[in-house]
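J.: For reference, the file data_13.cif (mmCIF, N, CA and C atoms) is included below:
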data_structure
loop_
_atom_site.group_PDB
_atom_site.id
_atom_site.type_symbol
_atom_site.label_atom_id
_atom_site.label_comp_id
_atom_site.auth_asym_id
_atom_site.auth_seq_id
_atom_site.Cartn_x
_atom_site.Cartn_y
_atom_site.Cartn_z
ATOM 1 N N MET A 1 72.937 116.819 113.330
ATOM 2 C CA MET A 1 72.725 115.808 112.311
ATOM 3 C C MET A 1 73.041 116.368 110.917
ATOM 4 N N ARG A 2 72.663 117.603 110.670
ATOM 5 C CA ARG A 2 72.879 118.201 109.357
ATOM 6 C C ARG A 2 74.378 118.316 109.064
ATOM 7 N N GLN A 3 75.180 118.698 110.087
ATOM 8 C CA GLN A 3 76.620 118.827 109.892
ATOM 9 C C GLN A 3 77.246 117.485 109.510
ATOM 10 N N ILE A 4 76.800 116.458 110.161
ATOM 11 C CA ILE A 4 77.320 115.107 109.843
ATOM 12 C C ILE A 4 76.894 114.713 108.444
ATOM 13 N N ASP A 5 75.645 114.948 108.126
ATOM 14 C CA ASP A 5 75.130 114.594 106.807
ATOM 15 C C ASP A 5 75.878 115.336 105.703
ATOM 16 N N GLU A 6 76.241 116.577 105.949
ATOM 17 C CA GLU A 6 76.964 117.379 104.955
ATOM 18 C C GLU A 6 78.391 116.868 104.738
ATOM 19 N N LYS A 7 78.959 116.239 105.764
ATOM 20 C CA LYS A 7 80.326 115.736 105.655
ATOM 21 C C LYS A 7 80.399 114.320 105.075
ATOM 22 N N MET A 8 79.269 113.652 105.013
ATOM 23 C CA MET A 8 79.246 112.296 104.460
ATOM 24 C C MET A 8 79.520 112.349 102.959
ATOM 25 N N PRO A 9 80.437 111.494 102.482
ATOM 26 C CA PRO A 9 80.662 111.435 101.032
ATOM 27 C C PRO A 9 79.405 110.948 100.311
ATOM 28 N N PRO A 10 79.260 111.307 99.066
ATOM 29 C CA PRO A 10 78.110 110.816 98.289
ATOM 30 C C PRO A 10 78.111 109.288 98.206
ATOM 31 N N GLU A 11 76.949 108.722 98.045
ATOM 32 C CA GLU A 11 76.782 107.265 97.997
ATOM 33 C C GLU A 11 77.693 106.622 96.956
ATOM 34 N N GLU A 12 77.811 107.235 95.792
ATOM 35 C CA GLU A 12 78.645 106.678 94.726
ATOM 36 C C GLU A 12 80.118 106.598 95.156
ATOM 37 N N GLU A 13 80.592 107.630 95.844
ATOM 38 C CA GLU A 13 81.972 107.604 96.332
ATOM 39 C C GLU A 13 82.176 106.520 97.379
ATOM 40 N N LEU A 14 81.186 106.326 98.238
ATOM 41 C CA LEU A 14 81.287 105.271 99.251
ATOM 42 C C LEU A 14 81.316 103.889 98.603
ATOM 43 N N GLN A 15 80.530 103.717 97.550
ATOM 44 C CA GLN A 15 80.540 102.446 96.820
ATOM 45 C C GLN A 15 81.896 102.221 96.165
ATOM 46 N N ASP A 16 82.456 103.257 95.554
ATOM 47 C CA ASP A 16 83.783 103.153 94.940
ATOM 48 C C ASP A 16 84.848 102.838 95.988
ATOM 49 N N LEU A 17 84.737 103.447 97.153
ATOM 50 C CA LEU A 17 85.691 103.192 98.232
ATOM 51 C C LEU A 17 85.590 101.753 98.717
ATOM 52 N N ALA A 18 84.365 101.247 98.819
ATOM 53 C CA ALA A 18 84.169 99.846 99.224
ATOM 54 C C ALA A 18 84.815 98.903 98.212
ATOM 55 N N GLU A 19 84.651 99.174 96.922
ATOM 56 C CA GLU A 19 85.278 98.355 95.879
ATOM 57 C C GLU A 19 86.803 98.445 95.965
ATOM 58 N N PHE A 20 87.307 99.627 96.226
ATOM 59 C CA PHE A 20 88.745 99.836 96.365
ATOM 60 C C PHE A 20 89.299 98.962 97.493
ATOM 61 N N PHE A 21 88.644 98.984 98.651
ATOM 62 C CA PHE A 21 89.151 98.213 99.783
ATOM 63 C C PHE A 21 88.954 96.709 99.609
ATOM 64 N N LYS A 22 87.981 96.292 98.810
ATOM 65 C CA LYS A 22 87.802 94.865 98.532
ATOM 66 C C LYS A 22 89.052 94.267 97.884
ATOM 67 N N VAL A 23 89.731 95.063 97.072
ATOM 68 C CA VAL A 23 90.931 94.588 96.388
ATOM 69 C C VAL A 23 91.994 94.159 97.397
ATOM 70 N N PHE A 24 92.036 94.831 98.539
ATOM 71 C CA PHE A 24 93.014 94.517 99.579
ATOM 72 C C PHE A 24 92.604 93.297 100.399
ATOM 73 N N GLY A 25 91.440 92.724 100.110
ATOM 74 C CA GLY A 25 90.939 91.576 100.856
ATOM 75 C C GLY A 25 91.421 90.236 100.335
ATOM 76 N N ASP A 26 92.370 90.236 99.435
ATOM 77 C CA ASP A 26 92.878 88.996 98.843
ATOM 78 C C ASP A 26 94.377 88.886 99.135
ATOM 79 N N ALA A 27 94.784 87.784 99.779
ATOM 80 C CA ALA A 27 96.184 87.610 100.182
ATOM 81 C C ALA A 27 97.132 87.591 98.985
ATOM 82 N N THR A 28 96.722 87.007 97.881
ATOM 83 C CA THR A 28 97.588 86.972 96.696
ATOM 84 C C THR A 28 97.857 88.377 96.179
ATOM 85 N N ARG A 29 96.817 89.190 96.112
ATOM 86 C CA ARG A 29 97.018 90.567 95.653
ATOM 87 C C ARG A 29 97.910 91.337 96.616
ATOM 88 N N LEU A 30 97.757 91.091 97.913
ATOM 89 C CA LEU A 30 98.626 91.757 98.892
ATOM 90 C C LEU A 30 100.075 91.304 98.750
ATOM 91 N N LYS A 31 100.283 90.039 98.428
ATOM 92 C CA LYS A 31 101.651 89.548 98.194
ATOM 93 C C LYS A 31 102.265 90.257 96.989
ATOM 94 N N ILE A 32 101.480 90.380 95.932
ATOM 95 C CA ILE A 32 101.966 91.053 94.725
ATOM 96 C C ILE A 32 102.305 92.508 95.035
ATOM 97 N N LEU A 33 101.417 93.190 95.739
ATOM 98 C CA LEU A 33 101.675 94.581 96.094
ATOM 99 C C LEU A 33 102.920 94.700 96.975
ATOM 100 N N SER A 34 103.110 93.753 97.878
ATOM 101 C CA SER A 34 104.293 93.760 98.749
ATOM 102 C C SER A 34 105.567 93.578 97.941
ATOM 103 N N VAL A 35 105.525 92.704 96.957
ATOM 104 C CA VAL A 35 106.678 92.510 96.070
ATOM 105 C C VAL A 35 106.975 93.807 95.318
ATOM 106 N N LEU A 36 105.916 94.452 94.833
ATOM 107 C CA LEU A 36 106.091 95.672 94.053
ATOM 108 C C LEU A 36 106.489 96.867 94.921
ATOM 109 N N LEU A 37 106.336 96.742 96.233
ATOM 110 C CA LEU A 37 106.863 97.767 97.138
ATOM 111 C C LEU A 37 108.384 97.842 97.022
ATOM 112 N N CYS A 38 108.987 96.693 96.729
ATOM 113 C CA CYS A 38 110.448 96.611 96.665
ATOM 114 C C CYS A 38 110.999 97.010 95.308
ATOM 115 N N SER A 39 110.324 96.608 94.252
ATOM 116 C CA SER A 39 110.860 96.841 92.921
ATOM 117 C C SER A 39 109.797 96.564 91.872
ATOM 118 N N GLU A 40 109.922 97.220 90.712
ATOM 119 C CA GLU A 40 109.056 96.852 89.599
ATOM 120 C C GLU A 40 109.511 95.489 89.100
ATOM 121 N N MET A 41 108.567 94.709 88.588
ATOM 122 C CA MET A 41 108.881 93.350 88.139
ATOM 123 C C MET A 41 107.960 92.936 87.015
ATOM 124 N N CYS A 42 108.408 91.928 86.281
ATOM 125 C CA CYS A 42 107.570 91.330 85.239
ATOM 126 C C CYS A 42 106.794 90.162 85.847
ATOM 127 N N VAL A 43 105.805 89.689 85.114
ATOM 128 C CA VAL A 43 104.954 88.596 85.583
ATOM 129 C C VAL A 43 105.784 87.363 85.928
ATOM 130 N N TYR A 44 106.726 87.026 85.065
ATOM 131 C CA TYR A 44 107.548 85.834 85.292
ATOM 132 C C TYR A 44 108.268 85.916 86.638
ATOM 133 N N ASP A 45 108.884 87.059 86.919
ATOM 134 C CA ASP A 45 109.629 87.211 88.173
ATOM 135 C C ASP A 45 108.714 87.170 89.392
ATOM 136 N N ILE A 46 107.558 87.807 89.301
ATOM 137 C CA ILE A 46 106.608 87.780 90.416
ATOM 138 C C ILE A 46 106.138 86.347 90.658
ATOM 139 N N ALA A 47 105.799 85.648 89.576
ATOM 140 C CA ALA A 47 105.328 84.263 89.690
ATOM 141 C C ALA A 47 106.393 83.370 90.316
ATOM 142 N N THR A 48 107.626 83.541 89.878
ATOM 143 C CA THR A 48 108.727 82.743 90.416
ATOM 144 C C THR A 48 108.922 83.044 91.897
ATOM 145 N N LEU A 49 108.942 84.292 92.245
ATOM 146 C CA LEU A 49 109.155 84.712 93.630
ATOM 147 C C LEU A 49 108.060 84.194 94.558
ATOM 148 N N LEU A 50 106.814 84.220 94.090
ATOM 149 C CA LEU A 50 105.689 83.800 94.923
ATOM 150 C C LEU A 50 105.327 82.327 94.760
ATOM 151 N N GLY A 51 106.015 81.627 93.851
ATOM 152 C CA GLY A 51 105.730 80.209 93.639
ATOM 153 C C GLY A 51 104.339 79.963 93.085
ATOM 154 N N MET A 52 103.930 80.822 92.171
ATOM 155 C CA MET A 52 102.603 80.716 91.569
ATOM 156 C C MET A 52 102.730 80.689 90.054
ATOM 157 N N SER A 53 101.627 80.371 89.393
ATOM 158 C CA SER A 53 101.643 80.344 87.932
ATOM 159 C C SER A 53 101.594 81.763 87.383
ATOM 160 N N GLN A 54 102.149 81.932 86.198
ATOM 161 C CA GLN A 54 102.099 83.232 85.538
ATOM 162 C C GLN A 54 100.659 83.640 85.245
ATOM 163 N N SER A 55 99.832 82.660 84.950
ATOM 164 C CA SER A 55 98.420 82.928 84.670
ATOM 165 C C SER A 55 97.724 83.518 85.898
ATOM 166 N N ALA A 56 97.985 82.947 87.061
ATOM 167 C CA ALA A 56 97.367 83.444 88.297
ATOM 168 C C ALA A 56 97.844 84.858 88.607
ATOM 169 N N ILE A 57 99.130 85.108 88.417
ATOM 170 C CA ILE A 57 99.681 86.435 88.663
ATOM 171 C C ILE A 57 99.097 87.442 87.682
ATOM 172 N N SER A 58 99.031 87.066 86.407
ATOM 173 C CA SER A 58 98.469 87.961 85.384
ATOM 174 C C SER A 58 97.032 88.339 85.711
ATOM 175 N N HIS A 59 96.261 87.370 86.157
ATOM 176 C CA HIS A 59 94.859 87.629 86.516
ATOM 177 C C HIS A 59 94.780 88.662 87.642
ATOM 178 N N GLN A 60 95.584 88.472 88.676
ATOM 179 C CA GLN A 60 95.545 89.397 89.812
ATOM 180 C C GLN A 60 96.090 90.775 89.426
ATOM 181 N N LEU A 61 97.092 90.811 88.593
ATOM 182 C CA LEU A 61 97.621 92.097 88.123
ATOM 183 C C LEU A 61 96.565 92.855 87.317
ATOM 184 N N ARG A 62 95.766 92.133 86.569
ATOM 185 C CA ARG A 62 94.694 92.763 85.794
ATOM 186 C C ARG A 62 93.702 93.453 86.743
ATOM 187 N N VAL A 63 93.352 92.765 87.836
ATOM 188 C CA VAL A 63 92.445 93.343 88.834
ATOM 189 C C VAL A 63 93.084 94.586 89.460
ATOM 190 N N LEU A 64 94.348 94.472 89.834
ATOM 191 C CA LEU A 64 95.055 95.592 90.461
ATOM 192 C C LEU A 64 95.177 96.779 89.510
ATOM 193 N N LYS A 65 95.381 96.498 88.234
ATOM 194 C CA LYS A 65 95.493 97.571 87.234
ATOM 195 C C LYS A 65 94.141 98.249 87.023
ATOM 196 N N GLN A 66 93.068 97.462 86.996
ATOM 197 C CA GLN A 66 91.725 98.029 86.818
ATOM 198 C C GLN A 66 91.368 98.979 87.957
ATOM 199 N N MET A 67 91.896 98.711 89.151
ATOM 200 C CA MET A 67 91.625 99.568 90.305
ATOM 201 C C MET A 67 92.688 100.658 90.470
ATOM 202 N N ASP A 68 93.560 100.791 89.484
ATOM 203 C CA ASP A 68 94.613 101.818 89.482
ATOM 204 C C ASP A 68 95.590 101.697 90.649
ATOM 205 N N LEU A 69 95.849 100.451 91.068
ATOM 206 C CA LEU A 69 96.827 100.223 92.129
ATOM 207 C C LEU A 69 98.205 99.932 91.561
ATOM 208 N N VAL A 70 98.251 99.427 90.332
ATOM 209 C CA VAL A 70 99.531 99.188 89.669
ATOM 210 C C VAL A 70 99.507 99.823 88.281
ATOM 211 N N LYS A 71 100.693 100.085 87.778
ATOM 212 C CA LYS A 71 100.854 100.586 86.416
ATOM 213 C C LYS A 71 101.852 99.672 85.726
ATOM 214 N N ASN A 72 101.927 99.784 84.414
ATOM 215 C CA ASN A 72 102.894 98.944 83.703
ATOM 216 C C ASN A 72 103.624 99.759 82.644
ATOM 217 N N ARG A 73 104.755 99.197 82.235
ATOM 218 C CA ARG A 73 105.509 99.774 81.123
ATOM 219 C C ARG A 73 106.089 98.616 80.329
ATOM 220 N N ARG A 74 106.178 98.820 79.045
ATOM 221 C CA ARG A 74 106.691 97.792 78.146
ATOM 222 C C ARG A 74 108.149 98.079 77.821
ATOM 223 N N ASP A 75 108.947 97.011 77.854
ATOM 224 C CA ASP A 75 110.345 97.088 77.431
ATOM 225 C C ASP A 75 110.547 95.925 76.462
ATOM 226 N N GLY A 76 110.438 96.202 75.173
ATOM 227 C CA GLY A 76 110.468 95.132 74.178
ATOM 228 C C GLY A 76 109.211 94.288 74.324
ATOM 229 N N LYS A 77 109.394 92.995 74.534
ATOM 230 C CA LYS A 77 108.245 92.091 74.710
ATOM 231 C C LYS A 77 107.842 91.940 76.170
ATOM 232 N N THR A 78 108.644 92.472 77.064
ATOM 233 C CA THR A 78 108.398 92.298 78.495
ATOM 234 C C THR A 78 107.639 93.491 79.058
ATOM 235 N N ILE A 79 106.630 93.190 79.889
ATOM 236 C CA ILE A 79 105.868 94.231 80.568
ATOM 237 C C ILE A 79 106.263 94.207 82.041
ATOM 238 N N PHE A 80 106.660 95.360 82.534
ATOM 239 C CA PHE A 80 107.043 95.493 83.934
ATOM 240 C C PHE A 80 105.925 96.200 84.693
ATOM 241 N N TYR A 81 105.671 95.733 85.912
ATOM 242 C CA TYR A 81 104.627 96.293 86.766
ATOM 243 C C TYR A 81 105.243 96.990 87.957
ATOM 244 N N ALA A 82 104.589 98.063 88.396
ATOM 245 C CA ALA A 82 105.030 98.819 89.566
ATOM 246 C C ALA A 82 103.789 99.368 90.260
ATOM 247 N N LEU A 83 103.956 99.779 91.509
ATOM 248 C CA LEU A 83 102.854 100.430 92.210
ATOM 249 C C LEU A 83 102.501 101.721 91.484
ATOM 250 N N ALA A 84 101.228 102.031 91.456
ATOM 251 C CA ALA A 84 100.743 103.174 90.676
ATOM 252 C C ALA A 84 101.238 104.512 91.210
ATOM 253 N N ASP A 85 101.281 104.659 92.538
ATOM 254 C CA ASP A 85 101.717 105.932 93.109
ATOM 255 C C ASP A 85 102.029 105.771 94.593
ATOM 256 N N ASP A 86 102.432 106.865 95.209
ATOM 257 C CA ASP A 86 102.819 106.836 96.625
ATOM 258 C C ASP A 86 101.644 106.570 97.558
ATOM 259 N N HIS A 87 100.429 106.836 97.112
ATOM 260 C CA HIS A 87 99.262 106.560 97.952
ATOM 261 C C HIS A 87 99.184 105.073 98.296
ATOM 262 N N ILE A 88 99.508 104.233 97.349
ATOM 263 C CA ILE A 88 99.429 102.786 97.566
ATOM 264 C C ILE A 88 100.461 102.366 98.616
ATOM 265 N N ILE A 89 101.646 102.955 98.544
ATOM 266 C CA ILE A 89 102.683 102.671 99.549
ATOM 267 C C ILE A 89 102.178 103.070 100.930
ATOM 268 N N THR A 90 101.575 104.240 101.024
ATOM 269 C CA THR A 90 101.052 104.727 102.299
ATOM 270 C C THR A 90 99.973 103.805 102.848
ATOM 271 N N ILE A 91 99.049 103.396 101.982
ATOM 272 C CA ILE A 91 97.952 102.521 102.416
ATOM 273 C C ILE A 91 98.508 101.198 102.933
ATOM 274 N N LEU A 92 99.435 100.600 102.198
ATOM 275 C CA LEU A 92 100.018 99.328 102.630
ATOM 276 C C LEU A 92 100.774 99.492 103.945
ATOM 277 N N ASN A 93 101.583 100.533 104.052
ATOM 278 C CA ASN A 93 102.359 100.753 105.270
ATOM 279 C C ASN A 93 101.458 101.040 106.469
ATOM 280 N N GLN A 94 100.405 101.828 106.264
ATOM 281 C CA GLN A 94 99.467 102.114 107.363
ATOM 282 C C GLN A 94 98.754 100.842 107.813
ATOM 283 N N GLY A 95 98.359 100.018 106.859
ATOM 284 C CA GLY A 95 97.718 98.747 107.211
ATOM 285 C C GLY A 95 98.640 97.840 108.006
ATOM 286 N N LEU A 96 99.891 97.731 107.557
ATOM 287 C CA LEU A 96 100.861 96.906 108.274
ATOM 288 C C LEU A 96 101.138 97.462 109.669
ATOM 289 N N ASN A 97 101.282 98.785 109.779
ATOM 290 C CA ASN A 97 101.490 99.399 111.099
ATOM 291 C C ASN A 97 100.339 99.097 112.037
ATOM 292 N N HIS A 98 99.129 99.164 111.513
ATOM 293 C CA HIS A 98 97.942 98.887 112.332
ATOM 294 C C HIS A 98 97.952 97.440 112.829
ATOM 295 N N ILE A 99 98.271 96.501 111.944
ATOM 296 C CA ILE A 99 98.306 95.071 112.308
ATOM 297 C C ILE A 99 99.398 94.815 113.342
ATOM 298 N N GLU A 100 100.562 95.415 113.143
ATOM 299 C CA GLU A 100 101.677 95.204 114.052
ATOM 300 C C GLU A 100 101.432 95.773 115.439
ATOM 301 N N GLU A 101 100.617 96.827 115.541
ATOM 302 C CA GLU A 101 100.288 97.408 116.841
ATOM 303 C C GLU A 101 99.414 96.483 117.677
ATOM 304 N N GLY A 102 98.599 95.684 116.972
ATOM 305 C CA GLY A 102 97.632 94.811 117.666
ATOM 306 C C GLY A 102 98.302 93.679 118.286
#
Could you spell out this file's structure in structure tokens?

T.:
Amino acid sequence: MRQIDEKMPPEEELQDLAEFFKVFGDATRLKILSVLLCSEMCVYDIATLLGMSQSAISHQLRVLKQMDLVKNRRDGKTIFYALADDHIITILNQGLNHIEEG
């Protein structure tokens, strides 16, 4: 029991991990992440591609940015969004592989 207890992450880390995975529980956010797997894009392009309002996309991008899943860069007046790092690609690909196996 002690060995297992020693390997358990601290409660705060488990709470942070739960919040992290909650972000993946929304189909719109997963669509946005899937789009960004292919290329960085601005809000207008993501909204057009997904057939959604720019406001809805901006809201979801804000959530994704707060959780460090996406990053942005400014080019003049346009802000482009991209996946934050390779970990996000791995998580998405592992999730898809798991679903496809079932």

J.: Could you state the separation of CA of Ile79 (chain A) and atom C of Leu36 (chain A) in Å, given to one decimal place?

T.: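 According to the coordinates, CA of Ile79 (chain A) and atom C of Leu36 (chain A) are separated by 14.6 Å.
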
J.: If you run DSSP on the backbone here, which positions in chain A get strand (DSSP E or B)? Please write them as a PDB file with N, CA and C atoms, in the coordinates of the input.

T.:
ATOM      1  N   MET A  41     108.567  94.709  88.588  1.00  0.00           N
ATOM      2  CA  MET A  41     108.881  93.350  88.139  1.00  0.00           C
ATOM      3  C   MET A  41     107.960  92.936  87.015  1.00  0.00           C
ATOM      4  N   CYS A  42     108.408  91.928  86.281  1.00  0.00           N
ATOM      5  CA  CYS A  42     107.570  91.330  85.239  1.00  0.00           C
ATOM      6  C   CYS A  42     106.794  90.162  85.847  1.00  0.00           C
ATOM      7  N   VAL A  70      98.251  99.427  90.332  1.00  0.00           N
ATOM      8  CA  VAL A  70      99.531  99.188  89.669  1.00  0.00           C
ATOM      9  C   VAL A  70      99.507  99.823  88.281  1.00  0.00           C
ATOM     10  N   LYS A  71     100.693 100.085  87.778  1.00  0.00           N
ATOM     11  CA  LYS A  71     100.854 100.586  86.416  1.00  0.00           C
ATOM     12  C   LYS A  71     101.852  99.672  85.726  1.00  0.00           C
ATOM     13  N   ASN A  72     101.927  99.784  84.414  1.00  0.00           N
ATOM     14  CA  ASN A  72     102.894  98.944  83.703  1.00  0.00           C
ATOM     15  C   ASN A  72     103.624  99.759  82.644  1.00  0.00           C
ATOM     16  N   ARG A  73     104.755  99.197  82.235  1.00  0.00           N
ATOM     17  CA  ARG A  73     105.509  99.774  81.123  1.00  0.00           C
ATOM     18  C   ARG A  73     106.089  98.616  80.329  1.00  0.00           C
ATOM     19  N   ARG A  74     106.178  98.820  79.045  1.00  0.00           N
ATOM     20  CA  ARG A  74     106.691  97.792  78.146  1.00  0.00           C
ATOM     21  C   ARG A  74     108.149  98.079  77.821  1.00  0.00           C
ATOM     22  N   ASP A  75     108.947  97.011  77.854  1.00  0.00           N
ATOM     23  CA  ASP A  75     110.345  97.088  77.431  1.00  0.00           C
ATOM     24  C   ASP A  75     110.547  95.925  76.462  1.00  0.00           C
ATOM     25  N   THR A  78     108.644  92.472  77.064  1.00  0.00           N
ATOM     26  CA  THR A  78     108.398  92.298  78.495  1.00  0.00           C
ATOM     27  C   THR A  78     107.639  93.491  79.058  1.00  0.00           C
ATOM     28  N   ILE A  79     106.630  93.190  79.889  1.00  0.00           N
ATOM     29  CA  ILE A  79     105.868  94.231  80.568  1.00  0.00           C
ATOM     30  C   ILE A  79     106.263  94.207  82.041  1.00  0.00           C
ATOM     31  N   PHE A  80     106.660  95.360  82.534  1.00  0.00           N
ATOM     32  CA  PHE A  80     107.043  95.493  83.934  1.00  0.00           C
ATOM     33  C   PHE A  80     105.925  96.200  84.693  1.00  0.00           C
ATOM     34  N   TYR A  81     105.671  95.733  85.912  1.00  0.00           N
ATOM     35  CA  TYR A  81     104.627  96.293  86.766  1.00  0.00           C
ATOM     36  C   TYR A  81     105.243  96.990  87.957  1.00  0.00           C
ATOM     37  N   ALA A  82     104.589  98.063  88.396  1.00  0.00           N
ATOM     38  CA  ALA A  82     105.030  98.819  89.566  1.00  0.00           C
ATOM     39  C   ALA A  82     103.789  99.368  90.260  1.00  0.00           C
ATOM     40  N   LEU A  83     103.956  99.779  91.509  1.00  0.00           N
ATOM     41  CA  LEU A  83     102.854 100.430  92.210  1.00  0.00           C
ATOM     42  C   LEU A  83     102.501 101.721  91.484  1.00  0.00           C
TER      43      LEU A  83
END

J.: Could you list, as a PyMOL selection string, every residue matched by the PyMOL selection byres ((chain A and resi 70) around 8) in this structure?

T.: chain A and resi 61+63-69+71-72+81-85

J.: If the box runs along x, y and z of the file and leaves 4 Å on each side of region 7-20 of chain A, what are its centre and edge lengths in Å, one decimal, as JSON?

T.:
{"center_x": 83.0, "center_y": 107.3, "center_z": 100.2, "size_x": 20.5, "size_y": 25.9, "size_z": 19.0}

J.: Please return as number ranges by chain every residue within 10 Å of (103.1, 94.6, 96.8), taking into account only C-alpha atoms and the file's own coordinates.

T.: A: 28-40, 46, 69-70, 82-83, 88-89, 92

J.: Using CA of Val43 (chain A) and CA of Ile99 (chain A) as the two end points, give the distance in Å to one decimal.

T.: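 Result for CA of Val43 (chain A) versus CA of Ile99 (chain A): 28.3 Å, one decimal.
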
J.: Separation of CA of Phe21 (chain A) and atom C of Ile91 (chain A), in Å?

T.: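 One can read the CA of Phe21 (chain A) to atom C of Ile91 (chain A) distance as 10.3 Å.
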
J.: With only C-alpha atoms counted, which protein, DNA or RNA residues have an atom no more than 10 Å from (99.2, 85.7, 87.1) in the file frame? Please answer as a short mmCIF file (atom, residue, chain, number, x, y, z; two decimals) with N, CA and C atoms, in the coordinates of the input.

T.:
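As written to disk, out_16.cif reads:
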data_model
loop_
_atom_site.label_atom_id
_atom_site.label_comp_id
_atom_site.auth_asym_id
_atom_site.auth_seq_id
_atom_site.Cartn_x
_atom_site.Cartn_y
_atom_site.Cartn_z
N THR A 28 96.72 87.01 97.88
CA THR A 28 97.59 86.97 96.70
C THR A 28 97.86 88.38 96.18
N ILE A 32 101.48 90.38 95.93
CA ILE A 32 101.97 91.05 94.72
C ILE A 32 102.30 92.51 95.04
N VAL A 43 105.80 89.69 85.11
CA VAL A 43 104.95 88.60 85.58
C VAL A 43 105.78 87.36 85.93
N TYR A 44 106.73 87.03 85.06
CA TYR A 44 107.55 85.83 85.29
C TYR A 44 108.27 85.92 86.64
N ILE A 46 107.56 87.81 89.30
CA ILE A 46 106.61 87.78 90.42
C ILE A 46 106.14 86.35 90.66
N ALA A 47 105.80 85.65 89.58
CA ALA A 47 105.33 84.26 89.69
C ALA A 47 106.39 83.37 90.32
N MET A 52 103.93 80.82 92.17
CA MET A 52 102.60 80.72 91.57
C MET A 52 102.73 80.69 90.05
N SER A 53 101.63 80.37 89.39
CA SER A 53 101.64 80.34 87.93
C SER A 53 101.59 81.76 87.38
N GLN A 54 102.15 81.93 86.20
CA GLN A 54 102.10 83.23 85.54
C GLN A 54 100.66 83.64 85.24
N SER A 55 99.83 82.66 84.95
CA SER A 55 98.42 82.93 84.67
C SER A 55 97.72 83.52 85.90
N ALA A 56 97.98 82.95 87.06
CA ALA A 56 97.37 83.44 88.30
C ALA A 56 97.84 84.86 88.61
N ILE A 57 99.13 85.11 88.42
CA ILE A 57 99.68 86.44 88.66
C ILE A 57 99.10 87.44 87.68
N SER A 58 99.03 87.07 86.41
CA SER A 58 98.47 87.96 85.38
C SER A 58 97.03 88.34 85.71
N HIS A 59 96.26 87.37 86.16
CA HIS A 59 94.86 87.63 86.52
C HIS A 59 94.78 88.66 87.64
N GLN A 60 95.58 88.47 88.68
CA GLN A 60 95.54 89.40 89.81
C GLN A 60 96.09 90.78 89.43
N LEU A 61 97.09 90.81 88.59
CA LEU A 61 97.62 92.10 88.12
C LEU A 61 96.56 92.86 87.32
N ARG A 62 95.77 92.13 86.57
CA ARG A 62 94.69 92.76 85.79
C ARG A 62 93.70 93.45 86.74
#

J.: So that I can check the secondary structure, give me every residue of chain A assigned helix (DSSP H, G or I) by backbone DSSP, as number ranges by chain.

T.: A: 2-7, 11-23, 27-38, 43-50, 54-66, 86-101
